[in-house]
Each structure stands twice: as C-alpha cells, then as structure tokens.
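**Q** This is run.cif, which holds mmCIF, C-alpha atoms and all ligand atoms:
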data_model
#
loop_
_atom_site.label_atom_id
_atom_site.label_comp_id
_atom_site.auth_asym_id
_atom_site.auth_seq_id
_atom_site.Cartn_x
_atom_site.Cartn_y
_atom_site.Cartn_z
CA MET A 1187 -47.39 70.91 -29.43
CA ASN A 1188 -49.79 67.97 -29.75
CA ASP A 1189 -52.43 70.15 -31.42
CA MET A 1190 -49.94 71.55 -33.93
CA ILE A 1191 -48.76 68.06 -34.89
CA LEU A 1192 -52.30 66.70 -35.00
CA GLN A 1193 -53.39 69.45 -37.35
CA GLU A 1194 -50.35 68.97 -39.57
CA ALA A 1195 -50.82 65.16 -39.66
CA GLN A 1196 -54.50 65.54 -40.53
CA ARG A 1197 -53.69 68.14 -43.17
CA LEU A 1198 -51.31 65.59 -44.68
CA GLY A 1199 -54.09 62.96 -44.71
CA ALA A 1200 -53.68 60.87 -41.53
CA GLU A 1201 -57.01 59.63 -40.13
CA TYR A 1202 -55.58 58.35 -36.85
CA VAL A 1203 -52.80 60.05 -34.88
CA GLY A 1204 -51.45 58.70 -31.57
CA PHE A 1205 -48.87 60.13 -29.16
CA VAL A 1206 -47.10 57.31 -27.38
CA PRO A 1207 -44.43 57.06 -24.63
CA VAL A 1208 -41.69 54.68 -25.81
CA GLY A 1209 -38.98 55.33 -23.21
CA GLU A 1210 -39.29 51.77 -21.95
CA LEU A 1211 -38.45 50.21 -25.28
CA SER A 1212 -34.86 49.19 -25.99
CA GLU A 1213 -32.44 51.76 -27.38
CA ALA A 1214 -32.30 49.80 -30.62
CA GLU A 1215 -36.03 50.33 -30.95
CA ASN A 1216 -36.51 53.90 -29.70
CA GLU A 1217 -33.28 55.56 -30.94
CA ASN A 1218 -33.01 57.25 -27.52
CA CYS A 1219 -36.26 59.10 -28.05
CA PRO A 1220 -38.91 59.27 -25.31
CA PHE A 1221 -41.91 59.60 -27.61
CA ALA A 1222 -43.39 58.19 -30.78
CA LEU A 1223 -46.09 59.38 -33.09
CA ILE A 1224 -48.19 56.85 -34.91
CA VAL A 1225 -50.22 57.79 -37.97
CA ALA A 1226 -52.66 55.54 -39.79
CA VAL A 1227 -55.16 55.49 -42.63
CA PRO A 1228 -57.77 52.74 -43.08
CA LEU A 1229 -57.99 50.87 -46.35
CA PRO A 1230 -61.27 51.40 -48.26
CA PRO A 1231 -63.93 48.80 -47.28
CA GLU A 1232 -64.73 48.02 -50.94
CA TYR A 1233 -61.06 47.25 -51.54
CA LEU A 1234 -60.94 44.90 -48.53
CA GLU A 1235 -64.10 43.24 -49.81
CA MET A 1236 -62.50 42.74 -53.22
CA LEU A 1237 -59.47 41.09 -51.63
CA THR A 1238 -61.66 38.30 -50.28
CA GLN A 1239 -62.76 37.24 -53.79
CA PRO A 1240 -60.98 34.50 -55.76
CA ILE A 1241 -58.86 36.22 -58.39
CA GLY A 1242 -56.25 35.65 -61.07
CA VAL A 1243 -52.63 36.76 -61.06
CA GLN A 1244 -53.19 40.03 -62.94
CA GLU A 1245 -56.05 41.09 -60.72
CA ALA A 1246 -53.96 40.18 -57.68
CA ALA A 1247 -51.15 42.45 -58.83
CA ARG A 1248 -53.63 45.26 -59.46
CA GLU A 1249 -55.28 44.73 -56.10
CA HIS A 1250 -51.99 44.72 -54.30
CA ASP A 1251 -51.17 48.05 -55.88
CA LEU A 1252 -53.65 50.01 -53.74
CA PHE A 1253 -52.15 48.50 -50.58
CA SER A 1254 -48.64 49.48 -51.74
CA ARG A 1255 -49.77 52.98 -52.63
CA THR A 1256 -51.48 53.42 -49.26
CA GLU A 1257 -48.34 52.19 -47.50
CA ALA A 1258 -46.29 54.69 -49.51
CA ARG A 1259 -48.77 57.46 -48.66
CA ILE A 1260 -48.62 56.87 -44.90
CA ASP A 1261 -44.81 56.56 -45.09
CA GLY A 1262 -44.76 59.93 -46.86
CA ILE A 1263 -46.84 61.46 -44.05
CA ALA A 1264 -44.30 60.23 -41.45
CA ASP A 1265 -41.42 61.59 -43.56
CA ALA A 1266 -43.17 64.97 -43.84
CA LEU A 1267 -43.77 65.07 -40.07
CA GLU A 1268 -40.08 64.28 -39.52
CA ALA A 1269 -39.17 67.34 -41.61
CA TYR A 1270 -41.80 69.41 -39.77
CA LEU A 1271 -40.41 68.53 -36.33
CA ARG A 1272 -36.79 68.96 -37.39
CA ALA A 1273 -37.62 72.43 -38.71
CA LEU A 1274 -38.86 73.22 -35.19
CA GLY A 1275 -35.48 72.11 -33.77
CA TYR A 1276 -36.38 68.65 -32.43
CA ARG A 1277 -34.84 65.26 -33.08
CA ALA A 1278 -37.19 63.26 -35.25
CA PHE A 1279 -36.77 59.92 -37.01
CA SER A 1280 -39.39 58.70 -39.42
CA GLN A 1281 -39.73 54.91 -39.40
CA SER A 1282 -40.82 54.81 -43.04
CA GLU A 1283 -39.34 52.12 -45.27
CA ARG A 1284 -37.22 54.74 -47.03
CA ALA A 1285 -35.88 56.27 -43.81
CA ASN A 1286 -35.27 52.91 -42.14
CA SER A 1287 -33.43 51.55 -45.17
CA ALA A 1288 -31.28 54.69 -45.36
CA ARG A 1289 -30.32 54.32 -41.68
CA GLY A 1290 -29.77 50.55 -41.76
CA ARG A 1291 -32.83 49.90 -39.59
CA TYR A 1292 -34.54 47.48 -41.94
CA ASP A 1293 -33.68 43.80 -42.25
CA GLY A 1294 -34.65 43.01 -45.85
CA PRO A 1295 -34.51 39.18 -45.74
CA GLN A 1296 -36.50 39.12 -42.49
CA ARG A 1297 -38.77 41.95 -43.67
CA LYS A 1298 -38.48 43.48 -40.23
CA ALA A 1299 -37.76 47.02 -39.03
CA ALA A 1300 -35.86 47.76 -35.80
CA LEU A 1301 -39.07 49.32 -34.42
CA GLN A 1302 -42.25 47.73 -35.66
CA HIS A 1303 -45.26 49.98 -36.15
CA LYS A 1304 -47.51 47.46 -34.44
CA THR A 1305 -45.35 47.67 -31.29
CA VAL A 1306 -46.18 51.38 -31.08
CA ALA A 1307 -49.80 50.80 -32.09
CA ARG A 1308 -50.21 48.30 -29.28
CA LEU A 1309 -48.73 50.75 -26.75
CA ALA A 1310 -51.11 53.41 -28.09
CA GLY A 1311 -54.07 51.14 -27.28
CA LEU A 1312 -55.02 51.01 -30.97
CA GLY A 1313 -55.28 47.21 -30.99
CA TRP A 1314 -53.60 43.91 -30.19
CA ILE A 1315 -51.15 41.77 -32.13
CA GLY A 1316 -53.04 38.85 -33.61
CA LYS A 1317 -52.06 35.28 -34.46
CA SER A 1318 -51.33 36.72 -37.89
CA ASP A 1319 -48.57 38.95 -36.44
CA LEU A 1320 -50.58 41.95 -37.66
CA LEU A 1321 -52.22 44.62 -35.55
CA VAL A 1322 -55.94 43.97 -35.05
CA SER A 1323 -57.95 47.05 -34.08
CA PRO A 1324 -61.57 46.93 -32.95
CA GLN A 1325 -62.34 49.78 -35.36
CA TRP A 1326 -60.70 48.61 -38.61
CA GLY A 1327 -59.54 45.06 -37.95
CA SER A 1328 -56.25 44.82 -39.82
CA GLY A 1329 -57.50 46.94 -42.70
CA LEU A 1330 -55.22 49.87 -42.09
CA CYS A 1331 -51.76 51.12 -43.04
CA MET A 1332 -49.57 52.66 -40.33
CA CYS A 1333 -46.26 54.43 -39.93
CA THR A 1334 -44.40 55.78 -36.91
CA LEU A 1335 -41.91 58.47 -36.01
CA LEU A 1336 -39.61 58.82 -32.99
CA THR A 1337 -38.95 62.22 -31.47
CA ASP A 1338 -37.79 64.18 -28.44
CA ALA A 1339 -40.40 66.90 -29.01
CA PRO A 1340 -42.24 67.55 -25.71
CA LEU A 1341 -45.42 65.64 -26.48
CA GLN A 1342 -48.23 64.96 -24.07
CA THR A 1343 -48.77 61.25 -24.36
CA GLN A 1344 -51.97 59.32 -23.85
CA PRO A 1345 -52.01 57.01 -20.83
CA ALA A 1346 -53.19 54.07 -22.94
CA THR A 1347 -53.39 50.48 -21.78
CA PRO A 1348 -52.63 47.86 -24.44
CA LEU A 1349 -55.84 46.08 -25.39
CA GLU A 1350 -56.37 42.47 -24.32
CA ASN A 1351 -55.69 40.00 -27.10
CA GLN A 1352 -59.12 39.00 -28.43
CA CYS A 1353 -58.13 36.30 -30.93
CA GLY A 1354 -59.43 33.58 -28.58
CA ALA A 1355 -59.97 30.27 -30.38
CA CYS A 1356 -60.12 31.94 -33.82
CA THR A 1357 -57.66 30.62 -36.41
CA VAL A 1358 -59.08 32.25 -39.54
CA CYS A 1359 -55.80 33.90 -40.53
CA ARG A 1360 -53.90 30.62 -40.33
CA ASP A 1361 -56.66 28.73 -42.13
CA VAL A 1362 -56.86 31.12 -45.11
CA CYS A 1363 -53.09 31.44 -45.54
CA PRO A 1364 -52.20 29.69 -48.82
CA ALA A 1365 -48.49 29.55 -47.91
CA ASN A 1366 -48.67 28.01 -44.44
CA ALA A 1367 -46.77 31.03 -43.19
CA LEU A 1368 -48.78 31.29 -39.95
CA GLN A 1369 -48.54 28.95 -36.97
CA GLY A 1370 -51.88 29.89 -35.39
CA ARG A 1371 -50.29 30.72 -32.04
CA THR A 1372 -51.29 33.52 -29.69
CA TRP A 1373 -48.84 36.46 -29.61
CA THR A 1374 -46.77 36.98 -26.48
CA LYS A 1375 -44.29 39.76 -25.74
CA GLU A 1376 -41.55 37.24 -25.06
CA GLY A 1377 -42.20 35.02 -28.07
CA GLY A 1378 -42.54 37.82 -30.62
CA ARG A 1379 -42.95 37.34 -34.32
CA GLU A 1380 -40.77 34.25 -34.69
CA GLU A 1381 -43.36 32.10 -32.93
CA LEU A 1382 -46.18 33.27 -35.19
CA PHE A 1383 -45.02 33.83 -38.68
CA ASP A 1384 -42.39 32.79 -41.24
CA PRO A 1385 -41.70 35.79 -43.49
CA ALA A 1386 -39.80 33.59 -45.95
CA LEU A 1387 -43.04 31.74 -46.77
CA CYS A 1388 -45.37 34.77 -46.95
CA CYS A 1389 -46.30 35.87 -50.48
CA THR A 1390 -48.02 39.05 -49.20
CA CYS A 1391 -51.33 37.95 -50.67
CA LEU A 1392 -53.21 39.95 -47.98
CA ARG A 1393 -55.77 37.17 -47.54
CA CYS A 1394 -55.23 37.01 -43.77
CA MET A 1395 -55.70 40.77 -43.43
CA SER A 1396 -58.88 40.94 -45.50
CA GLN A 1397 -60.56 37.84 -44.09
CA TYR A 1398 -60.14 38.58 -40.40
CA PRO A 1399 -63.40 38.58 -38.51
CA TRP A 1400 -62.52 42.08 -37.26
CA THR A 1401 -61.72 43.39 -40.73
CA ARG A 1402 -64.94 41.82 -42.05
CA ALA A 1403 -66.86 43.55 -39.24
CA TYR A 1404 -65.37 46.92 -40.30
CA VAL A 1405 -66.43 46.26 -43.91
CA ARG A 1406 -69.95 45.25 -42.83
CA ARG A 1407 -70.32 48.38 -40.67
CA ALA A 1408 -69.15 50.57 -43.54
CA ASN A 1409 -71.59 48.89 -45.97
CA LEU A 1410 -74.44 49.33 -43.49
CA SER A 1411 -73.77 53.02 -42.92
CA GLN A 1412 -73.42 53.55 -46.67
CA GLY A 1413 -76.78 51.82 -47.16
CA GLU A 1414 -78.36 54.05 -44.55
CA GLY A 1415 -76.82 57.11 -46.20
CA ASN A 1416 -78.37 56.11 -49.52
CA ARG A 1417 -81.89 55.87 -48.12
S1 LIG F 1 -58.04 36.02 -37.92
FE1 LIG F 1 -58.63 35.46 -35.85
S2 LIG F 1 -56.78 34.54 -34.97
FE2 LIG F 1 -56.11 35.64 -36.77
S3 LIG F 1 -55.47 37.63 -35.95
FE3 LIG F 1 -57.62 37.84 -36.62
S4 LIG F 1 -58.84 37.45 -34.76
FE4 LIG F 1 -56.73 36.70 -34.39
S1 LIG F 2 -50.27 37.69 -46.46
FE1 LIG F 2 -50.99 35.75 -47.38
S2 LIG F 2 -49.19 34.40 -47.35
FE2 LIG F 2 -48.75 36.09 -45.92
S3 LIG F 2 -49.39 35.37 -43.93
FE3 LIG F 2 -51.15 36.47 -44.80
S4 LIG F 2 -52.39 34.89 -45.86
FE4 LIG F 2 -50.34 34.03 -45.46
#
Mind converting the file's structure to structure tokens?

**A**
Amino acid sequence: MNDMILQEAQRLGAEYVGFVPVGELSEAENENCPFALIVAVPLPPEYLEMLTQPIGVQEAAREHDLFSRTEARIDGIADALEAYLRALGYRAFSQSERANSARGRYDGPQRKAALQHKTVARLAGLGWIGKSDLLVSPQWGSGLCMCTLLTDAPLQTQPATPLENQCGACTVCRDVCPANALQGRTWTKEGGREELFDPALCCTCLRCMSQYPWTRAYVRRANLSQGEGNR
C-alpha cells in the first residue's frame, strides 16, 4: 500500500512523502483516522533568494504568486490522493484549503486549519516548529510547501521521533518581521501558536521564511551544487 501511494504521489509531483500515525491526536484533528500522509515540495532556491531582496509592491505581488501557486499545487496533490484512496474503498480526507473550507475545518479570521500540516510534519520527523510558528526542516529550512491527508488505509508508518527544536538563541524571524507579528518565543506543545504569532498582524510577506538561517543554508547548498555541476 505504501509503495502504491508513494509512486502515485511522486507521479503527481510530490518530492517528500511521509506516512504518519496520528491516532493520538484529538478527534477534531484526526477525523477518527489512524494515519496521515504528508506531501511536500521545496520552493526553488533562486526564488527564496529573491525573497530576501528589498522590493517594491508590484514585485512583491509577483513574488508571492509563486508561493501561492506552489501551495495550490501541493493542495491539488493531496486532493488527487484523496480521490485515489477513496476509489480503493478507504476513508480519506484531504486537508487542502479547498477541502477544509468545504468541510468547515478552516477558521478564516484565525487562518488556522483544524489539523495543521506542521503538526503532522513534526510527527513525521521532518522538522521542528520554530519561533516563527513555521516548520523548520534541516533539509529545506522553511522553504517548502506541504499538505496532508487523513485516512484509514492500512499504511505502514515510520517510527519517527520529532526533532529537537534547534532555534536556540536565534531570533532572526522575529527581527526581520516588518509587522511585529512574532513574539520570538520557543514553541511548546502546550503553548501552541497563540504564544508565538499573531495572524491578524501578519501580511504574509514571507520574509521570515526566506531569511531563516536554515532556509539560507538550503539556498547556499543548492547554489554550491549548481556551481559544481557547471564546472
Ligand atoms: S529564524 Fe531562527 S528562531 Fe526563527 S524559526 Fe528559524 S531558526 Fe528558529
Ligand atoms: S510572513 Fe512577514 S509579516 Fe508574517 S510573520 Fe513572517 S515576516 Fe512577519
């Protein structure tokens, strides 16, 4: 089953696919499903580099467009996998923006879904939740778009351990935020998003995401390997 889904997800364009046990989450989060799939695609390094440059309003809108399109693409992959699993006779619930809105699982004013992708990503061992309230992965920093899907299909899940939070004394995300939307506090399971981030202030400028040390490291690695490839 895992191999079939992996192949289908990769055929659809996912670069990362995780199989995650979510039985311990609340019913509101897991919709009574024991498993989740998480799919992700990294954002292009040159795009992340561009986001760190000072820009005008028009350029900002254009730059934001690629992020929105990538989010829509990964949402579409989760929706397609939902249809794929349902055709096989399993319960499956995509957590895409479209599907969540249709099922009343998205709080618009709070910009918060009933099950957050980063919750699943953390359980998958993909990364930790940073002071920015975004997932930070050692491989891509926060330069990735993710979506999830809940299912009762008999998946073999990875015994992953959530990664230790590695923000340490870093406060880059808070310092670059032009809207003072971030508090600069370390994420805890109990405190959740409310202690880190005020969605009402965030203008989705993506500065925090692109200027993370871990995102910058991903961009530097990509530039280096491209340079080596050009030799
Ligand atoms: S910028 Fe620094 S503090 Fe903020 S999430 Fe990334 S590593 Fe953590
Ligand atoms: S996206 Fe921009 S406004 Fe929102 S938290 Fe990040 S830096 Fe602040």

**Q** If you count all atoms listed in the file, which residues end up within 6 Å of ligand LIG 2 (chain F), as a PyMOL selection string?

**A** chain A and resi 1362-1365+1367-1368+1388-1394

**Q** Do you know which residues are within 10 Å of ligand LIG 1 (chain F) using only C-alpha atoms and all ligand atoms? Can you write them as number ranges by chain?

**A** A: 1314-1323, 1327-1328, 1351-1362, 1368, 1370-1373, 1393-1402

**Q** Using all atoms listed in the file, can you tell me which of A:Leu1330, A:Ala1285, A:Ala1258, A:Leu1336 comes closest to A:Leu1271?

**A**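 Smallest separation from A:Leu1271 among the options: A:Leu1336.
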
**Q** Quote the spacing between atom CA of A:Glu1232 and atom CA of A:Arg1284 in Å to one decimal place.

**A**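 Separation of atom CA of A:Glu1232 and atom CA of A:Arg1284: 28.6 Å.
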
**Q** Could you check which of A:Gly1311, A:Arg1289, A:Tyr1276, A:Glu1381 is closest to A:Gly1204, using all atoms listed in the file?

**A**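 Checking each candidate against A:Gly1204, we get A:Gly1311 as the closest.
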
**Q** Just to confirm, what's the straight-line distance from atom CA of A:Leu1410 to atom CA of A:Gln1239 in Å (one decimal)?

**A**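 If I compute the distance from atom CA of A:Leu1410 to atom CA of A:Gln1239, I get 19.7 Å.
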
**Q** Taking all atoms listed in the file into account, name the residue in A:Cys1331, A:Leu1192, A:Ala1346, A:Ala1386 that is nearest to A:Gly1262.

**A**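 The answer is A:Cys1331, which sits nearest to A:Gly1262.
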
**Q** Distance cut-off 12 Å, centre (-50.2, 57.1, -21.2) in file coordinates, counting all atoms listed in the file: which residues qualify? Return them as a PDB file with C-alpha atoms, in the frame of the given file.

**A**
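See selection-v4.pdb below for the written result:
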ATOM      1  CA  GLY A1204     -51.450  58.700 -31.570  1.00  0.00           C
ATOM      2  CA  PHE A1205     -48.870  60.130 -29.160  1.00  0.00           C
ATOM      3  CA  VAL A1206     -47.100  57.310 -27.380  1.00  0.00           C
ATOM      4  CA  PRO A1207     -44.430  57.060 -24.630  1.00  0.00           C
ATOM      5  CA  VAL A1208     -41.690  54.680 -25.810  1.00  0.00           C
ATOM      6  CA  GLY A1209     -38.980  55.330 -23.210  1.00  0.00           C
ATOM      7  CA  PHE A1221     -41.910  59.600 -27.610  1.00  0.00           C
ATOM      8  CA  ALA A1222     -43.390  58.190 -30.780  1.00  0.00           C
ATOM      9  CA  ARG A1308     -50.210  48.300 -29.280  1.00  0.00           C
ATOM     10  CA  LEU A1309     -48.730  50.750 -26.750  1.00  0.00           C
ATOM     11  CA  ALA A1310     -51.110  53.410 -28.090  1.00  0.00           C
ATOM     12  CA  GLY A1311     -54.070  51.140 -27.280  1.00  0.00           C
ATOM     13  CA  LEU A1341     -45.420  65.640 -26.480  1.00  0.00           C
ATOM     14  CA  GLN A1342     -48.230  64.960 -24.070  1.00  0.00           C
ATOM     15  CA  THR A1343     -48.770  61.250 -24.360  1.00  0.00           C
ATOM     16  CA  GLN A1344     -51.970  59.320 -23.850  1.00  0.00           C
ATOM     17  CA  PRO A1345     -52.010  57.010 -20.830  1.00  0.00           C
ATOM     18  CA  ALA A1346     -53.190  54.070 -22.940  1.00  0.00           C
ATOM     19  CA  THR A1347     -53.390  50.480 -21.780  1.00  0.00           C
ATOM     20  CA  PRO A1348     -52.630  47.860 -24.440  1.00  0.00           C
TER      21      PRO A1348
END

**Q** Missing atoms in stretch 1214-1225 of chain A: fill them in up to all heavy atoms and send the result as a CSV table (one decimal), in the frame of the given file.

**A**
chain,number,residue,atom,x,y,z
A,1214,ALA,N,-32.3,50.2,-29.2
A,1214,ALA,CA,-32.3,49.8,-30.6
A,1214,ALA,C,-33.7,50.1,-31.2
A,1214,ALA,O,-33.8,50.5,-32.4
A,1214,ALA,CB,-32.0,48.3,-30.8
A,1215,GLU,N,-34.7,50.0,-30.4
A,1215,GLU,CA,-36.0,50.3,-31.0
A,1215,GLU,C,-36.3,51.8,-30.9
A,1215,GLU,O,-36.9,52.4,-31.9
A,1215,GLU,CB,-37.1,49.6,-30.1
A,1215,GLU,CG,-37.2,48.1,-30.4
A,1215,GLU,CD,-38.1,47.4,-29.4
A,1215,GLU,OE1,-37.9,47.4,-28.2
A,1215,GLU,OE2,-39.1,46.9,-29.9
A,1216,ASN,N,-36.0,52.5,-29.8
A,1216,ASN,CA,-36.5,53.9,-29.7
A,1216,ASN,C,-35.5,55.0,-30.1
A,1216,ASN,O,-35.8,56.2,-30.0
A,1216,ASN,CB,-37.1,54.2,-28.3
A,1216,ASN,CG,-36.0,54.2,-27.2
A,1216,ASN,OD1,-34.8,54.3,-27.5
A,1216,ASN,ND2,-36.4,54.1,-26.0
A,1217,GLU,N,-34.3,54.6,-30.5
A,1217,GLU,CA,-33.3,55.6,-30.9
A,1217,GLU,C,-33.1,56.7,-29.9
A,1217,GLU,O,-32.9,57.8,-30.2
A,1217,GLU,CB,-33.6,56.2,-32.3
A,1217,GLU,CG,-33.7,55.1,-33.4
A,1217,GLU,CD,-33.6,55.7,-34.8
A,1217,GLU,OE1,-32.6,56.3,-35.1
A,1217,GLU,OE2,-34.6,55.6,-35.6
A,1218,ASN,N,-33.2,56.3,-28.6
A,1218,ASN,CA,-33.0,57.2,-27.5
A,1218,ASN,C,-34.0,58.4,-27.5
A,1218,ASN,O,-33.7,59.5,-27.1
A,1218,ASN,CB,-31.6,57.9,-27.5
A,1218,ASN,CG,-30.6,57.0,-26.8
A,1218,ASN,OD1,-31.0,56.4,-25.8
A,1218,ASN,ND2,-29.4,56.9,-27.4
A,1219,CYS,N,-35.2,58.1,-28.0
A,1219,CYS,CA,-36.3,59.1,-28.0
A,1219,CYS,C,-37.3,58.7,-27.1
A,1219,CYS,O,-37.7,57.5,-27.0
A,1219,CYS,CB,-36.9,59.2,-29.4
A,1219,CYS,SG,-35.8,60.0,-30.6
A,1220,PRO,N,-37.9,59.6,-26.3
A,1220,PRO,CA,-38.9,59.3,-25.3
A,1220,PRO,C,-40.3,59.1,-25.9
A,1220,PRO,O,-41.1,58.4,-25.3
A,1220,PRO,CB,-38.9,60.5,-24.3
A,1220,PRO,CG,-38.4,61.6,-25.2
A,1220,PRO,CD,-37.5,61.1,-26.2
A,1221,PHE,N,-40.5,59.6,-27.1
A,1221,PHE,CA,-41.9,59.6,-27.6
A,1221,PHE,C,-42.0,59.1,-29.0
A,1221,PHE,O,-41.0,59.2,-29.8
A,1221,PHE,CB,-42.5,61.0,-27.6
A,1221,PHE,CG,-42.5,61.7,-26.2
A,1221,PHE,CD1,-41.8,62.8,-26.0
A,1221,PHE,CD2,-43.1,61.1,-25.1
A,1221,PHE,CE1,-41.7,63.4,-24.8
A,1221,PHE,CE2,-43.1,61.7,-23.9
A,1221,PHE,CZ,-42.4,62.8,-23.7
A,1222,ALA,N,-43.1,58.6,-29.4
A,1222,ALA,CA,-43.4,58.2,-30.8
A,1222,ALA,C,-44.7,58.8,-31.2
A,1222,ALA,O,-45.6,59.0,-30.4
A,1222,ALA,CB,-43.4,56.7,-30.9
A,1223,LEU,N,-44.8,59.0,-32.5
A,1223,LEU,CA,-46.1,59.4,-33.1
A,1223,LEU,C,-46.5,58.2,-33.9
A,1223,LEU,O,-45.6,57.6,-34.6
A,1223,LEU,CB,-45.9,60.5,-34.1
A,1223,LEU,CG,-45.9,62.0,-33.6
A,1223,LEU,CD1,-45.6,62.8,-34.9
A,1223,LEU,CD2,-47.2,62.3,-33.0
A,1224,ILE,N,-47.7,57.9,-34.0
A,1224,ILE,CA,-48.2,56.8,-34.9
A,1224,ILE,C,-49.3,57.5,-35.8
A,1224,ILE,O,-50.2,58.1,-35.2
A,1224,ILE,CB,-48.6,55.5,-34.2
A,1224,ILE,CG1,-49.2,54.6,-35.3
A,1224,ILE,CG2,-49.6,55.8,-33.1
A,1224,ILE,CD1,-49.2,53.1,-34.8
A,1225,VAL,N,-49.2,57.3,-37.0
A,1225,VAL,CA,-50.2,57.8,-38.0
A,1225,VAL,C,-50.8,56.6,-38.8
A,1225,VAL,O,-50.0,55.7,-39.0
A,1225,VAL,CB,-49.7,58.9,-38.9
A,1225,VAL,CG1,-49.4,60.2,-38.2
A,1225,VAL,CG2,-48.4,58.4,-39.6
